[in-house]
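Undergrad: My structure is stored as coords-v3.txt, with compact mmCIF, C-alpha atoms.
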```txt
# COMPACT_ATOMS: atom_id res chain seq x y z
CA MET A 1 -86.11 -22.44 -48.05
CA LYS A 2 -85.33 -20.90 -44.68
CA LEU A 3 -84.75 -23.06 -41.70
CA ALA A 4 -86.19 -21.80 -38.49
CA LEU A 5 -83.94 -22.18 -35.47
CA SER A 6 -85.58 -23.28 -32.34
CA PRO A 7 -85.00 -21.26 -29.18
CA LEU A 8 -82.88 -24.09 -27.80
CA MET A 9 -80.51 -24.07 -30.74
CA ARG A 10 -80.13 -20.30 -30.59
CA THR A 11 -79.28 -20.53 -26.92
CA LEU A 12 -76.65 -23.20 -27.60
CA ALA A 13 -75.15 -21.08 -30.39
CA TRP A 14 -74.80 -18.06 -28.13
CA LEU A 15 -73.25 -20.20 -25.42
CA GLY A 16 -70.66 -21.50 -27.90
CA ILE A 17 -69.73 -18.02 -29.02
CA ALA A 18 -69.43 -16.85 -25.41
CA SER A 19 -67.19 -19.80 -24.49
CA LEU A 20 -64.88 -19.02 -27.42
CA CYS A 21 -64.56 -15.41 -26.31
CA LEU A 22 -63.89 -16.41 -22.71
CA GLY A 23 -61.29 -18.97 -23.81
CA ALA A 24 -59.45 -16.38 -25.85
CA ALA A 25 -59.51 -13.94 -22.93
CA TRP A 26 -58.15 -16.58 -20.53
CA ALA A 27 -55.43 -17.65 -22.97
CA VAL A 28 -53.67 -14.27 -22.87
CA PRO A 29 -52.80 -14.24 -19.14
CA ALA A 30 -52.02 -17.94 -19.21
CA LYS A 31 -49.51 -17.40 -22.02
CA GLU A 32 -47.94 -14.52 -20.07
CA GLU A 33 -47.62 -16.71 -16.97
CA ARG A 34 -45.91 -19.44 -18.99
CA ARG A 35 -43.45 -16.86 -20.40
CA LYS A 36 -42.57 -15.62 -16.91
CA ALA A 37 -42.08 -19.16 -15.65
CA GLU A 38 -39.76 -19.99 -18.55
CA LYS A 39 -37.70 -16.81 -17.92
CA LEU A 40 -37.39 -17.68 -14.22
CA LYS A 41 -36.09 -21.15 -15.10
CA ALA A 42 -33.55 -19.65 -17.49
CA ASP A 43 -32.30 -17.23 -14.82
CA LEU A 44 -31.95 -20.02 -12.29
CA ALA A 45 -29.98 -22.08 -14.79
CA LEU A 46 -27.64 -19.13 -15.37
CA TYR A 47 -26.84 -18.76 -11.65
CA GLU A 48 -26.38 -22.50 -11.25
CA ASN A 49 -23.58 -22.34 -13.84
CA LEU A 50 -21.60 -19.78 -11.80
CA ASP A 51 -18.73 -21.36 -9.83
CA LEU A 52 -19.28 -19.39 -6.67
CA ASP A 53 -17.16 -21.79 -4.61
CA ASN A 54 -14.03 -20.52 -6.36
CA TYR A 55 -14.91 -16.86 -6.15
CA ASP A 56 -12.27 -15.88 -3.60
CA VAL A 57 -11.16 -12.32 -3.02
CA THR A 58 -7.74 -12.12 -1.38
CA LEU A 59 -5.37 -9.33 -0.43
CA ASP A 60 -3.25 -10.31 -3.41
CA ASN A 61 -5.94 -8.89 -5.67
CA TYR A 62 -5.28 -5.48 -4.23
CA GLY A 63 -1.46 -5.62 -4.26
CA GLU A 64 -0.08 -3.08 -1.81
CA ILE A 65 -2.19 -0.13 -2.67
CA LEU A 66 -4.47 -0.49 0.33
CA ASP A 67 -3.30 -1.78 3.67
CA LEU A 68 -6.47 -3.72 4.56
CA SER A 69 -4.95 -5.05 7.78
CA ASN A 70 -5.26 -1.47 9.04
CA TYR A 71 -8.76 -1.00 7.66
CA GLU A 72 -10.17 0.60 10.78
CA GLU A 73 -7.34 3.08 10.95
CA LEU A 74 -7.50 3.96 7.27
CA TYR A 75 -11.20 4.69 7.37
CA ASP A 76 -11.44 6.33 10.77
CA TYR A 77 -12.43 9.86 9.89
CA GLY A 78 -13.67 10.73 13.35
CA ASP A 79 -10.54 12.52 14.47
CA LEU A 80 -10.32 14.43 11.17
CA ALA A 81 -13.91 15.67 11.08
CA PRO A 82 -13.47 19.02 12.85
CA LYS A 83 -10.34 19.94 10.87
CA ILE A 84 -10.10 21.87 7.64
CA GLU A 85 -8.29 19.82 5.00
CA VAL A 86 -6.85 21.00 1.71
CA GLY A 87 -9.39 20.73 -1.04
CA THR A 88 -12.46 20.94 1.24
CA LEU A 89 -14.88 23.77 1.86
CA ALA A 90 -14.56 25.86 4.98
CA PRO A 91 -17.05 24.81 7.70
CA ARG A 92 -20.21 26.86 8.13
CA PRO A 93 -19.98 29.21 11.17
CA LYS A 94 -22.15 28.22 14.11
CA ASP A 95 -23.34 31.83 14.55
CA PRO A 96 -25.08 33.09 11.35
CA THR A 97 -24.51 36.68 12.49
CA ALA A 98 -20.79 36.12 12.12
CA LEU A 99 -21.17 36.10 8.36
CA PRO A 100 -20.29 39.47 6.75
CA ASN A 101 -23.07 41.48 5.19
CA GLN A 102 -22.27 41.18 1.52
CA ALA A 103 -24.69 43.97 0.50
CA ALA A 104 -23.29 46.42 3.05
CA THR A 105 -19.62 45.77 2.46
CA ALA A 106 -19.64 45.39 -1.31
CA GLU A 107 -18.02 48.32 -3.06
CA THR A 108 -17.37 49.09 -6.65
CA PRO A 109 -13.79 48.00 -7.36
CA LYS A 110 -11.53 50.77 -8.59
CA LEU A 111 -9.17 50.15 -11.44
CA GLN A 112 -5.53 50.75 -10.59
CA PRO A 113 -3.25 52.20 -13.24
CA PRO A 114 -0.58 49.80 -14.45
CA THR A 115 2.80 50.32 -12.80
CA THR A 116 4.82 48.86 -15.67
CA SER A 117 4.68 49.12 -19.39
CA SER A 118 4.16 45.35 -19.83
CA PRO A 119 1.73 43.03 -18.04
CA VAL A 120 3.09 40.98 -15.14
CA ASN A 121 2.17 37.31 -15.27
CA PRO A 122 2.03 35.44 -11.94
CA ALA A 123 4.72 32.82 -11.52
CA PRO A 124 3.36 29.29 -11.99
CA VAL A 125 3.18 27.14 -8.88
CA PRO A 126 5.45 24.12 -9.31
CA ALA A 127 3.72 20.77 -8.93
CA GLN A 128 6.10 19.70 -6.15
CA ALA A 129 5.03 22.68 -3.99
CA LEU A 130 1.39 21.68 -4.05
CA PRO A 131 -0.02 19.84 -1.01
CA SER A 132 -0.02 16.07 -1.44
CA CYS A 133 -3.82 15.79 -1.33
CA LEU A 134 -4.00 17.79 -4.58
CA LEU A 135 -1.35 15.62 -6.26
CA CYS A 136 -2.14 12.27 -4.68
CA LEU A 137 -4.99 10.31 -3.11
CA CYS A 138 -5.49 10.98 0.60
CA MET A 139 -7.58 8.34 2.33
CA GLY A 140 -7.89 8.71 6.07
CA THR A 141 -4.32 8.93 7.33
CA SER A 142 -2.80 7.27 4.24
CA VAL A 143 -1.36 9.12 1.23
CA TYR A 144 -1.09 7.30 -2.12
CA CYS A 145 1.25 8.95 -4.66
CA ASP A 146 2.06 5.96 -6.86
CA ASP A 147 3.06 6.75 -10.45
CA ALA A 148 2.40 10.48 -10.05
CA ASN A 149 5.53 11.69 -11.89
CA LEU A 150 6.93 13.18 -8.67
CA GLU A 151 10.53 14.37 -8.40
CA HIS A 152 10.40 15.24 -4.70
CA ILE A 153 8.37 14.18 -1.68
CA PRO A 154 5.24 16.42 -1.65
CA LEU A 155 4.01 18.36 1.35
CA LEU A 156 2.32 15.80 3.61
CA PRO A 157 -0.56 16.31 6.06
CA PRO A 158 0.63 16.28 9.68
CA GLU A 159 -1.57 13.24 10.46
CA THR A 160 0.00 11.06 7.74
CA THR A 161 0.56 7.49 8.92
CA TYR A 162 1.26 5.63 5.66
CA LEU A 163 2.98 7.04 2.57
CA TYR A 164 3.10 5.19 -0.75
CA ALA A 165 5.10 7.02 -3.43
CA ARG A 166 6.18 4.18 -5.70
CA PHE A 167 7.10 4.34 -9.38
CA ASN A 168 8.04 8.02 -9.49
CA ARG A 169 11.21 9.98 -10.32
CA ILE A 170 12.19 11.02 -6.81
CA GLY A 171 15.96 11.44 -6.67
CA THR A 172 16.73 12.79 -3.19
CA ILE A 173 15.27 12.47 0.30
CA ARG A 174 15.76 15.63 2.34
CA ALA A 175 15.63 15.89 6.13
CA SER A 176 12.78 18.39 5.81
CA ASP A 177 10.57 16.03 3.76
CA PHE A 178 9.22 14.21 6.84
CA MET A 179 9.87 16.80 9.53
CA GLY A 180 7.21 16.81 12.25
CA LEU A 181 5.40 13.68 11.03
CA LYS A 182 5.30 11.98 14.42
CA LYS A 183 2.65 9.42 13.41
CA LEU A 184 4.33 8.19 10.22
CA LYS A 185 4.64 4.38 10.41
CA ARG A 186 5.36 3.27 6.85
CA ILE A 187 7.27 4.84 3.95
CA ASP A 188 7.22 2.98 0.64
CA LEU A 189 9.41 4.53 -2.08
CA THR A 190 9.81 1.47 -4.29
CA SER A 191 11.16 2.00 -7.79
CA ASN A 192 12.31 5.62 -7.83
CA PHE A 193 15.64 7.25 -8.76
CA ILE A 194 16.78 7.87 -5.18
CA SER A 195 20.57 8.17 -5.01
CA TRP A 196 20.90 10.16 -1.79
CA ALA A 197 19.09 10.52 1.54
CA ASP A 198 20.08 13.06 4.20
CA VAL A 199 21.55 11.48 7.31
CA ASP A 200 18.55 12.69 9.38
CA ALA A 201 15.90 11.96 6.78
CA PHE A 202 14.36 9.13 8.86
CA ARG A 203 16.15 9.17 12.23
CA LEU A 204 13.79 11.67 13.87
CA LEU A 205 10.57 9.80 13.01
CA PRO A 206 9.55 8.29 16.37
CA SER A 207 6.82 5.97 15.01
CA LEU A 208 8.46 4.71 11.80
CA GLN A 209 8.26 0.92 11.60
CA GLU A 210 8.62 0.11 7.90
CA LEU A 211 11.05 1.72 5.47
CA ILE A 212 10.74 0.24 1.98
CA LEU A 213 13.32 1.43 -0.57
CA PRO A 214 13.92 -1.32 -3.17
CA GLU A 215 14.79 -0.63 -6.81
CA ASN A 216 16.54 2.69 -6.30
CA ARG A 217 20.11 3.97 -6.70
CA LEU A 218 21.22 4.33 -3.10
CA THR A 219 24.92 4.03 -2.32
CA ALA A 220 24.54 4.64 1.44
CA LEU A 221 21.94 4.14 4.15
CA PRO A 222 21.08 7.02 6.49
CA GLU A 223 20.71 6.56 10.23
CA LEU A 224 17.51 4.75 11.21
CA PRO A 225 15.11 5.33 14.13
CA ARG A 226 15.08 2.75 16.91
CA SER A 227 11.41 2.05 16.22
CA ILE A 228 12.17 0.41 12.86
CA VAL A 229 10.81 -3.14 12.40
CA ARG A 230 11.32 -3.72 8.67
CA LEU A 231 14.03 -2.35 6.39
CA ASP A 232 13.86 -3.31 2.72
CA ALA A 233 16.63 -1.81 0.57
CA ARG A 234 16.97 -4.51 -2.05
CA LEU A 235 18.19 -3.80 -5.58
CA ASN A 236 20.26 -0.73 -4.80
CA ARG A 237 24.01 -0.02 -5.06
CA ILE A 238 24.97 -0.06 -1.39
CA PRO A 239 28.54 -1.22 -0.56
CA SER A 240 29.64 -2.18 2.94
CA THR A 241 31.24 1.25 3.25
CA GLY A 242 27.78 2.74 2.72
CA LEU A 243 26.63 1.34 6.09
CA GLN A 244 27.47 3.14 9.31
CA PRO A 245 29.61 1.13 11.76
CA GLU A 246 27.40 -1.21 13.80
CA ALA A 247 24.42 0.33 12.01
CA PHE A 248 21.89 -2.21 13.34
CA ARG A 249 23.18 -2.97 16.86
CA GLU A 250 20.79 -0.65 18.72
CA LEU A 251 17.72 -1.38 16.62
CA LYS A 252 16.05 -3.59 19.20
CA GLN A 253 12.76 -3.75 17.28
CA LEU A 254 14.26 -4.75 13.90
CA GLN A 255 12.85 -8.06 12.64
CA PHE A 256 13.27 -7.95 8.84
CA LEU A 257 16.53 -6.79 7.24
CA HIS A 258 16.56 -7.22 3.46
CA LEU A 259 19.67 -5.96 1.62
CA SER A 260 19.90 -8.43 -1.25
CA ASP A 261 21.19 -7.40 -4.68
CA ASN A 262 23.58 -4.73 -3.46
CA GLN A 263 27.39 -4.53 -3.29
CA LEU A 264 28.06 -5.66 0.28
CA ASP A 265 31.43 -7.27 1.08
CA TYR A 266 30.54 -8.63 4.52
CA ILE A 267 27.59 -9.38 6.79
CA PRO A 268 26.67 -6.19 8.73
CA ALA A 269 27.24 -7.53 12.25
CA PRO A 270 26.42 -7.22 15.08
CA LEU A 271 22.79 -8.03 14.46
CA PRO A 272 20.05 -7.41 17.06
CA GLN A 273 18.52 -10.38 18.87
CA SER A 274 15.08 -9.35 17.60
CA LEU A 275 16.02 -10.18 13.98
CA ARG A 276 13.89 -12.88 12.31
CA SER A 277 14.78 -12.57 8.61
CA LEU A 278 18.12 -11.60 7.03
CA HIS A 279 18.30 -11.48 3.22
CA LEU A 280 21.77 -10.78 1.79
CA GLN A 281 21.70 -12.86 -1.39
CA ASN A 282 23.42 -11.66 -4.58
CA ASN A 283 26.09 -9.54 -2.94
CA ASN A 284 29.88 -9.95 -2.81
CA ILE A 285 30.21 -11.54 0.65
CA GLN A 286 33.24 -13.85 0.79
CA THR A 287 33.84 -14.50 4.49
CA MET A 288 32.35 -14.16 7.98
CA HIS A 289 33.40 -14.18 11.63
CA GLU A 290 32.43 -16.99 13.98
CA ASP A 291 30.61 -14.41 16.11
CA THR A 292 28.51 -13.09 13.24
CA PHE A 293 25.37 -14.94 14.41
CA CYS A 294 26.34 -16.65 17.63
CA ASP A 295 28.43 -15.82 20.70
CA SER A 296 31.43 -18.12 20.42
CA HIS A 297 32.01 -17.84 24.20
CA ASP A 298 28.48 -18.97 25.09
CA HIS A 299 27.71 -22.37 23.57
CA SER A 300 24.36 -22.49 25.36
CA GLN A 301 23.05 -19.57 23.32
CA ILE A 302 19.99 -20.21 21.16
CA ARG A 303 18.61 -17.65 18.69
CA ARG A 304 15.14 -19.02 18.07
CA ALA A 305 13.91 -15.91 16.26
CA LEU A 306 16.51 -15.88 13.46
CA GLU A 307 15.03 -18.58 11.21
CA ASP A 308 15.53 -17.09 7.73
CA ILE A 309 19.08 -16.30 6.52
CA ARG A 310 19.72 -15.98 2.78
CA LEU A 311 23.34 -15.92 1.58
CA ASP A 312 22.88 -17.62 -1.79
CA GLY A 313 24.35 -15.82 -4.78
CA ASN A 314 27.49 -14.83 -2.81
CA PRO A 315 31.00 -16.23 -3.40
CA ILE A 316 31.24 -17.38 0.25
CA ASN A 317 31.62 -21.11 1.03
CA LEU A 318 29.49 -21.60 4.14
CA SER A 319 31.05 -24.98 4.95
CA LEU A 320 34.28 -23.20 5.98
CA PHE A 321 32.56 -21.71 9.06
CA PRO A 322 30.95 -24.68 10.88
CA ASN A 323 31.11 -22.99 14.30
CA ALA A 324 29.18 -19.91 13.16
CA TYR A 325 25.73 -21.53 13.18
CA PHE A 326 25.46 -23.55 16.40
CA CYS A 327 22.90 -21.18 17.97
CA LEU A 328 20.62 -21.00 14.92
CA PRO A 329 17.42 -23.06 14.52
CA ARG A 330 18.41 -23.82 10.88
CA LEU A 331 21.38 -23.36 8.59
CA PRO A 332 21.59 -20.37 6.27
CA THR A 333 20.67 -20.79 2.62
CA GLY A 334 23.76 -20.67 0.45
CA ARG A 335 26.71 -22.61 -0.96
CA PHE A 336 28.21 -25.37 1.21
CA PHE A 337 30.86 -26.76 -1.13
```
Written as structure tokens, how would this file's structure read?

TA:
Amino acid sequence: MKLALSPLMRTLAWLGIASLCLGAAWAVPAKEERRKAEKLKADLALYENLDLDNYDVTLDNYGEILDLSNYEELYDYGDLAPKIEVGTLAPRPKDPTALPNQAATAETPKLQPPTTSSPVNPAPVPAQALPSCLLCLCMGTSVYCDDANLEHIPLLPPETTYLYARFNRIGTIRASDFMGLKKLKRIDLTSNFISWADVDAFRLLPSLQELILPENRLTALPELPRSIVRLDARLNRIPSTGLQPEAFRELKQLQFLHLSDNQLDYIPAPLPQSLRSLHLQNNNIQTMHEDTFCDSHDHSQIRRALEDIRLDGNPINLSLFPNAYFCLPRLPTGRFF
């Protein structure tokens, strides 16, 4: 027996089917929106877990590779732009007609008969004769040659201001190595095999302020320029006879003199009034004069700048020289018994 559906029931049935279809169609974008919202919450939770308050970047993270205090000078390429540097392409001529006509000048090369019975091989170019910007990293006016297996100072660009050539095998500093480098301010040759430096290796550098030579094999110090502010020659083999007489008297800009872990027998007086830090620990200093730091004839003298004197690790008993410190803002560090 067939049941006849009234027009009303058929209409309701079609409406139900249509609503199901529409519901299914709406469910798809709604589900996608919920998925995006859940992903956004998860991402926010991930960033909330990061301890951004402790994310500090300091100069210690960079060591001494880049001198960030001179950032503007290191990255100032303006004065170098018009020059041709090693390793760069030649600049394009301003006048296109100045270029040679390749089609007109090209000729078929002619083979030349050999002049010898055996081929002649060109002599290899030694690595030390190559310009520094092919062996090292040149950045602005700074040259970085750390751990480059060098045995000599490479040829340096005339505009060099800072040279870092640490952890190499350099054994000798020649007077010609830095000749003409009038802008050179810092030389860092830490941890090499340097046993000798020519007497004029550094004296003729008018802008040199920092000479850093620790962890080498030096037995004598060459003459220094009067512009020097910091001398660091720790961990060498320098005896007192390896210093020139009154080597530091005329260095009116010298502020930091670090000669610890050498073979000094006495304090290298007289010391300039500009000196702020004197490190002589771990030598063989056994005595001193009363005038080493202060003028014994002027008891009103005060040396406010000289605040850091290290004499620990020496056999000297500092308590035996009570009149040697009256002008100092604080006593030297060392043995007082």

Undergrad: Find the residue from A:Ala165, A:Thr287, A:Pro158, A:Ala269 that sits nearest to A:Leu135; use only C-alpha atoms when measuring.

TA: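 Residue with the minimum atom-to-atom distance to A:Leu135: A:Ala165.
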
Undergrad: My list of candidates is A:Tyr266, A:Leu257, A:Ile302, A:Ser227. Which is closest to A:Thr241 when distances are computed with only C-alpha atoms?

TA: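 Smallest separation from A:Thr241 among the options: A:Tyr266.
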
Undergrad: For a test of reading the model, state the distance in Å between atom CA of A:Ser240 and atom CA of A:Tyr164, rounded to one decimal.

TA: 27.8 Å

Undergrad: Could you tell me which of A:Leu218, A:Leu205, A:Ile170, A:Cys145 comes closest to A:Lys182 if we count only C-alpha atoms?

TA: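 Counting only C-alpha atoms, the residue closest to A:Lys182 is A:Leu205.
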
Undergrad: Between atom CA of A:Ile173 and atom CA of A:Gln209, what is the distance in Å, rounded to a tenth?

TA: 17.6 Å

Undergrad: From the list A:Pro272, A:Pro315, A:Gly242, A:Gly140, which residue is nearest A:Tyr162 when using only C-alpha atoms?

TA: A:Gly140

Undergrad: Kindly indicate which residue among A:Gly171, A:Pro239, A:Pro225, A:Pro214 lies nearest to A:Leu254, using only C-alpha atoms for the distances.

TA: A:Pro225

Undergrad: Under the rule that only C-alpha atoms are counted, which of A:Ile316, A:Leu251, A:Leu137, A:Ile238 is the nearest residue to A:Pro157?

TA: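 Smallest distance to A:Pro157 is found for A:Leu137.
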
Undergrad: For atom CA of A:Gly313 and atom CA of A:Leu259, quote the distance in Å rounded to one decimal.

TA: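 That distance, rounded to one decimal, is 12.7 Å.
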